[in-house]
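> Have a look at this one before I ask anything.
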Amino acid sequence: MTTFEKITALLDQHQANYRVVEHEAVGQTDLISQMRGNALSQAAKAMVLEVSMPEGADARYLLAIVPGDCRINFKSAARAIGGRKSAFAAPEMAQALTDCVMGAVPPFSFDDRLALRVDTRLQQVGTLWFNAGALEKSIALAAEDYFRIVGDDCCVDIATPVAVTA
């Protein structure tokens, strides 16, 4: 089963309000948001992080979801799962954990080794937009349905708004 099929099966199982949009294969949040016609703040940008744990414990992996108009706060993301610091995971590890190419990672984890944390700003966007496991497919999903599926325990402050300069 592809990641796209896993996502749509999960959304159907939860009777979520969503629609699939097919488009040119693009893996950049700003460009794909323009193509889809959604606000950058509605884009769910997914990043796989490697988190250093205290006391020499093995590193853990985190799927961090932030709005498209924000940056990840690496320290806050690490603390969200009890870690000290975090950095982007190696691309090979990120692909192995998500079964996706970078740029197509959805805001859902289907691997027990990959914890999920979502920035609280995304609760207020109305409709969440994200690439759905493939660069040429996106999903528009009611934010309330997304958070109903992933649960409130995933919500944390892990993003910093990007300053816009004129």
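Residues in the structure tokens are numbered from 1 in each chain, the chains being A, B, ... in the order shown, and ligands are numbered from 1 in the order shown.
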Between region 102-130 of chain A and region 43-49 of chain A, at 8 Å or less, what are the per-residue closest atom pairs and their distances in Å? Count only C-alpha atoms, order by chain and rising residue number, and return it as CSV.


residue,atom,partner,partner_atom,distance
A:Gly103,CA,A:Ala46,CA,8.0
A:Val105,CA,A:Ala46,CA,6.0
A:Pro106,CA,A:Ala46,CA,6.4
A:Pro107,CA,A:Ala46,CA,6.0
A:Leu122,CA,A:Ala44,CA,7.6
A:Leu128,CA,A:Ala43,CA,6.1
A:Trp129,CA,A:Ala43,CA,4.8
A:Phe130,CA,A:Ala44,CA,5.4

> Kindly give the distance, in Å, that separates CA of Cys70 (chain A) and CA of Val51 (chain A), rounded to a single decimal.

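Here the two named atoms are 19.8 Å from each other.
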
> Do you know which residues are at most 9 Å from Ala132 (chain A) counting only C-alpha atoms, after dropping those on the same chain fewer than 4 positions away, and could you put them as a list in words?

Thr3, Phe4, Ile7, Thr8, Val20, Ala104, Val105, Pro106, Pro107, Glu136, Lys137, Ser138 and Ile139 of chain A

> Those same residues - N, CA and C atoms - I'd like them written as a short mmCIF file (atom, residue, chain, number, x, y, z; two decimals), in the first residue's frame.


data_model
loop_
_atom_site.label_atom_id
_atom_site.label_comp_id
_atom_site.auth_asym_id
_atom_site.auth_seq_id
_atom_site.Cartn_x
_atom_site.Cartn_y
_atom_site.Cartn_z
N THR A 3 1.92 5.30 0.44
CA THR A 3 1.62 6.28 1.49
C THR A 3 0.33 7.02 1.17
N PHE A 4 0.13 7.37 -0.10
CA PHE A 4 -1.11 8.04 -0.50
C PHE A 4 -2.33 7.18 -0.15
N ILE A 7 -2.98 7.20 3.58
CA ILE A 7 -3.59 8.46 4.03
C ILE A 7 -5.09 8.46 3.70
N THR A 8 -5.43 8.16 2.46
CA THR A 8 -6.86 8.22 2.09
C THR A 8 -7.66 7.17 2.84
N VAL A 20 -8.74 15.49 -2.90
CA VAL A 20 -7.44 15.26 -3.51
C VAL A 20 -7.28 16.21 -4.69
N ALA A 104 7.40 15.32 -0.31
CA ALA A 104 6.10 14.64 -0.44
C ALA A 104 5.62 14.08 0.90
N VAL A 105 6.36 14.35 1.97
CA VAL A 105 6.04 13.77 3.28
C VAL A 105 4.76 14.40 3.82
N PRO A 106 3.77 13.56 4.17
CA PRO A 106 2.51 14.07 4.70
C PRO A 106 2.60 14.30 6.21
N PRO A 107 1.60 14.95 6.79
CA PRO A 107 1.62 15.21 8.24
C PRO A 107 1.06 14.04 9.06
N GLU A 136 3.08 14.80 -6.83
CA GLU A 136 2.04 15.28 -7.75
C GLU A 136 0.62 15.20 -7.17
N LYS A 137 0.51 14.87 -5.88
CA LYS A 137 -0.81 14.79 -5.25
C LYS A 137 -0.80 15.54 -3.93
N SER A 138 -1.82 16.37 -3.76
CA SER A 138 -2.01 17.08 -2.49
C SER A 138 -3.39 16.76 -1.96
N ILE A 139 -3.55 17.00 -0.67
CA ILE A 139 -4.85 16.85 -0.04
C ILE A 139 -5.19 18.14 0.69
#

> Which residues are near region 145-152 of chain A? Cut-off 12 Å, only C-alpha atoms, ignore same chain within fewer than 6 positions. Put them as a PDB file with C-alpha atoms, in the first residue's frame.


ATOM      1  CA  ILE A   7      -3.594   8.457   4.027  1.00  0.00           C
ATOM      2  CA  LEU A  10      -7.160   6.681   7.257  1.00  0.00           C
ATOM      3  CA  LEU A  11      -9.190   9.741   6.262  1.00  0.00           C
ATOM      4  CA  ASP A  12     -12.039   7.582   4.940  1.00  0.00           C
ATOM      5  CA  GLN A  13     -12.017   5.475   8.116  1.00  0.00           C
ATOM      6  CA  HIS A  14     -12.466   8.656  10.174  1.00  0.00           C
ATOM      7  CA  GLN A  15     -15.020  10.132   7.748  1.00  0.00           C
ATOM      8  CA  ALA A  16     -12.842  13.206   7.277  1.00  0.00           C
ATOM      9  CA  ASN A  17     -13.763  16.088   5.009  1.00  0.00           C
ATOM     10  CA  TYR A  18     -11.026  16.181   2.350  1.00  0.00           C
ATOM     11  CA  ALA A  44       1.534  21.698   6.528  1.00  0.00           C
ATOM     12  CA  ILE A  65       4.731  19.703  11.155  1.00  0.00           C
ATOM     13  CA  PRO A 106       2.510  14.066   4.700  1.00  0.00           C
ATOM     14  CA  PRO A 107       1.619  15.207   8.236  1.00  0.00           C
ATOM     15  CA  PHE A 108       0.971  11.619   9.359  1.00  0.00           C
ATOM     16  CA  SER A 109       3.394   9.058  10.772  1.00  0.00           C
ATOM     17  CA  PHE A 110       2.878   5.431   9.800  1.00  0.00           C
ATOM     18  CA  ALA A 115       6.912  10.527  16.772  1.00  0.00           C
ATOM     19  CA  LEU A 116       4.514  13.207  15.493  1.00  0.00           C
ATOM     20  CA  ARG A 117       4.292  16.798  16.755  1.00  0.00           C
ATOM     21  CA  VAL A 118       2.277  19.545  15.086  1.00  0.00           C
ATOM     22  CA  ASP A 119       2.581  23.274  15.669  1.00  0.00           C
ATOM     23  CA  THR A 120      -0.504  24.711  17.374  1.00  0.00           C
ATOM     24  CA  ARG A 121      -0.832  27.476  14.737  1.00  0.00           C
ATOM     25  CA  LEU A 122      -2.222  24.890  12.299  1.00  0.00           C
ATOM     26  CA  GLN A 123      -5.323  24.393  14.461  1.00  0.00           C
ATOM     27  CA  GLN A 124      -6.640  27.763  13.287  1.00  0.00           C
ATOM     28  CA  VAL A 125      -6.158  27.511   9.507  1.00  0.00           C
ATOM     29  CA  GLY A 126      -9.561  26.097   8.518  1.00  0.00           C
ATOM     30  CA  THR A 127      -8.205  23.897   5.734  1.00  0.00           C
ATOM     31  CA  LEU A 128      -4.862  22.141   5.912  1.00  0.00           C
ATOM     32  CA  TRP A 129      -2.996  21.539   2.630  1.00  0.00           C
ATOM     33  CA  PHE A 130      -0.215  18.997   2.214  1.00  0.00           C
ATOM     34  CA  ILE A 139      -4.854  16.848  -0.037  1.00  0.00           C
TER      35      ILE A 139
END

> From the options A:Cys154, A:Met102, A:Val26, A:Ala94, which residue's atoms come nearest to Val66 (chain A), counting only C-alpha atoms?

A:Cys154

> Find the residue from A:Ile72, A:Arg60, A:Ala159, A:Gly83 that sits nearest to Arg113 (chain A); use only C-alpha atoms when measuring.

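So, comparing all the options, the nearest one is A:Arg60.
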
> For a test of reading the model, state the distance in Å between CA of Ile81 (chain A) and CA of Asp111 (chain A), rounded to one decimal.

15.8 Å

> Using CA of Ser86 (chain A) and CA of Ile158 (chain A) as the two end points, give the distance in Å to one decimal.

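CA of Ser86 (chain A) sits 11.6 Å away from CA of Ile158 (chain A).
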
> Using DSSP secondary structure from the backbone, list all alpha helix (DSSP H) positions within region 3-165 of chain A, as a short mmCIF file (atom, residue, chain, number, x, y, z; two decimals) with N, CA, C and O atoms, in the first residue's frame.


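Result file out24.cif:
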data_model
loop_
_atom_site.label_atom_id
_atom_site.label_comp_id
_atom_site.auth_asym_id
_atom_site.auth_seq_id
_atom_site.Cartn_x
_atom_site.Cartn_y
_atom_site.Cartn_z
N THR A 3 1.92 5.30 0.44
CA THR A 3 1.62 6.28 1.49
C THR A 3 0.33 7.02 1.17
O THR A 3 -0.50 7.25 2.06
N PHE A 4 0.13 7.37 -0.10
CA PHE A 4 -1.11 8.04 -0.50
C PHE A 4 -2.33 7.18 -0.15
O PHE A 4 -3.32 7.67 0.41
N GLU A 5 -2.25 5.89 -0.44
CA GLU A 5 -3.36 4.98 -0.13
C GLU A 5 -3.58 4.85 1.38
O GLU A 5 -4.72 4.78 1.84
N LYS A 6 -2.50 4.85 2.15
CA LYS A 6 -2.62 4.80 3.61
C LYS A 6 -3.34 6.04 4.13
O LYS A 6 -4.19 5.96 5.03
N ILE A 7 -2.98 7.20 3.58
CA ILE A 7 -3.59 8.46 4.03
C ILE A 7 -5.09 8.46 3.70
O ILE A 7 -5.92 8.75 4.57
N THR A 8 -5.43 8.16 2.46
CA THR A 8 -6.86 8.22 2.09
C THR A 8 -7.66 7.17 2.84
O THR A 8 -8.80 7.43 3.23
N ALA A 9 -7.08 6.00 3.10
CA ALA A 9 -7.78 4.98 3.89
C ALA A 9 -8.03 5.48 5.32
O ALA A 9 -9.12 5.31 5.87
N LEU A 10 -7.02 6.13 5.91
CA LEU A 10 -7.16 6.68 7.26
C LEU A 10 -8.23 7.77 7.29
O LEU A 10 -9.09 7.79 8.18
N LEU A 11 -8.21 8.65 6.31
CA LEU A 11 -9.19 9.74 6.26
C LEU A 11 -10.60 9.20 6.04
O LEU A 11 -11.56 9.67 6.66
N ASP A 12 -10.73 8.20 5.17
CA ASP A 12 -12.04 7.58 4.94
C ASP A 12 -12.54 6.88 6.20
O ASP A 12 -13.72 6.99 6.55
N GLN A 13 -11.65 6.18 6.88
CA GLN A 13 -12.02 5.47 8.12
C GLN A 13 -12.58 6.44 9.16
O GLN A 13 -13.50 6.11 9.88
N THR A 29 7.26 24.15 -0.57
CA THR A 29 6.02 24.65 0.05
C THR A 29 5.53 25.93 -0.59
O THR A 29 4.34 26.05 -0.89
N ASP A 30 6.41 26.90 -0.80
CA ASP A 30 5.96 28.18 -1.34
C ASP A 30 5.44 28.03 -2.77
O ASP A 30 4.38 28.58 -3.12
N LEU A 31 6.14 27.27 -3.60
CA LEU A 31 5.72 27.09 -4.99
C LEU A 31 4.43 26.29 -5.11
O LEU A 31 3.52 26.66 -5.87
N ILE A 32 4.32 25.21 -4.37
CA ILE A 32 3.12 24.38 -4.48
C ILE A 32 1.91 25.11 -3.90
O ILE A 32 0.80 24.96 -4.40
N SER A 33 2.11 25.92 -2.88
CA SER A 33 1.00 26.70 -2.32
C SER A 33 0.44 27.67 -3.36
O SER A 33 -0.77 27.83 -3.48
N GLN A 34 1.34 28.29 -4.13
CA GLN A 34 0.89 29.18 -5.21
C GLN A 34 0.09 28.40 -6.25
O GLN A 34 -0.96 28.86 -6.70
N MET A 35 0.59 27.23 -6.62
CA MET A 35 -0.09 26.41 -7.64
C MET A 35 -1.47 25.96 -7.16
O MET A 35 -2.43 25.96 -7.92
N ARG A 36 -1.55 25.57 -5.89
CA ARG A 36 -2.82 25.06 -5.34
C ARG A 36 -3.78 26.20 -4.99
O ARG A 36 -4.97 25.97 -4.85
N PHE A 74 14.16 24.17 16.38
CA PHE A 74 14.78 22.87 16.65
C PHE A 74 14.80 22.52 18.14
O PHE A 74 14.55 21.38 18.51
N LYS A 75 15.08 23.49 18.99
CA LYS A 75 15.14 23.22 20.43
C LYS A 75 13.75 22.89 20.98
O LYS A 75 13.59 21.93 21.74
N SER A 76 12.74 23.64 20.59
CA SER A 76 11.38 23.37 21.04
C SER A 76 10.89 22.01 20.54
O SER A 76 10.21 21.28 21.26
N ALA A 77 11.25 21.68 19.31
CA ALA A 77 10.86 20.39 18.75
C ALA A 77 11.49 19.25 19.54
O ALA A 77 10.82 18.26 19.88
N ALA A 78 12.76 19.38 19.87
CA ALA A 78 13.44 18.34 20.66
C ALA A 78 12.78 18.20 22.03
O ALA A 78 12.49 17.08 22.48
N ARG A 79 12.52 19.31 22.68
CA ARG A 79 11.90 19.28 24.02
C ARG A 79 10.51 18.66 23.99
O ARG A 79 10.07 18.07 24.97
N PRO A 91 18.84 12.29 4.93
CA PRO A 91 17.78 12.05 3.93
C PRO A 91 17.42 10.57 3.77
O PRO A 91 16.24 10.24 3.62
N GLU A 92 18.41 9.69 3.85
CA GLU A 92 18.13 8.26 3.70
C GLU A 92 17.25 7.76 4.83
O GLU A 92 16.33 6.96 4.63
N MET A 93 17.53 8.22 6.07
CA MET A 93 16.73 7.82 7.23
C MET A 93 15.33 8.40 7.13
O MET A 93 14.34 7.72 7.40
N ALA A 94 15.23 9.67 6.74
CA ALA A 94 13.92 10.31 6.60
C ALA A 94 13.06 9.56 5.58
O ALA A 94 11.88 9.31 5.82
N GLN A 95 13.67 9.18 4.48
CA GLN A 95 12.92 8.45 3.45
C GLN A 95 12.52 7.06 3.95
O GLN A 95 11.41 6.61 3.70
N ALA A 96 13.40 6.41 4.70
CA ALA A 96 13.08 5.08 5.24
C ALA A 96 11.93 5.15 6.24
O ALA A 96 11.06 4.28 6.27
N LEU A 97 11.90 6.20 7.07
CA LEU A 97 10.86 6.34 8.09
C LEU A 97 9.51 6.76 7.53
O LEU A 97 8.46 6.47 8.11
N THR A 98 9.52 7.48 6.41
CA THR A 98 8.27 8.02 5.85
C THR A 98 7.81 7.28 4.60
O THR A 98 6.66 7.44 4.19
N ALA A 143 -9.00 21.20 8.99
CA ALA A 143 -8.06 21.16 10.11
C ALA A 143 -8.67 20.46 11.32
O ALA A 143 -8.00 19.69 12.00
N GLU A 144 -9.95 20.69 11.56
CA GLU A 144 -10.59 20.05 12.73
C GLU A 144 -10.59 18.53 12.57
O GLU A 144 -10.44 17.79 13.55
N ASP A 145 -10.75 18.04 11.35
CA ASP A 145 -10.69 16.59 11.13
C ASP A 145 -9.27 16.06 11.34
O ASP A 145 -9.07 15.00 11.93
N TYR A 146 -8.28 16.80 10.87
CA TYR A 146 -6.89 16.39 11.06
C TYR A 146 -6.58 16.22 12.55
O TYR A 146 -6.07 15.19 12.98
N PHE A 147 -6.91 17.23 13.34
CA PHE A 147 -6.58 17.17 14.77
C PHE A 147 -7.44 16.15 15.51
O PHE A 147 -7.00 15.58 16.50
N ARG A 148 -8.62 15.89 15.01
CA ARG A 148 -9.45 14.83 15.59
C ARG A 148 -8.77 13.47 15.38
O ARG A 148 -8.78 12.61 16.25
N ILE A 149 -8.13 13.30 14.23
CA ILE A 149 -7.46 12.04 13.90
C ILE A 149 -6.13 11.89 14.65
O ILE A 149 -5.85 10.83 15.22
N VAL A 150 -5.30 12.91 14.65
CA VAL A 150 -3.96 12.78 15.27
C VAL A 150 -3.98 13.01 16.78
O VAL A 150 -3.07 12.57 17.48
#

> What parts of chain A does DSSP call strand (DSSP E or B)? I'd like the answer as a ChimeraX atom specification.

/A:18-22,43-52,60-67,70-72,85-88,114-119,127-134,137-142,155-156,159-161
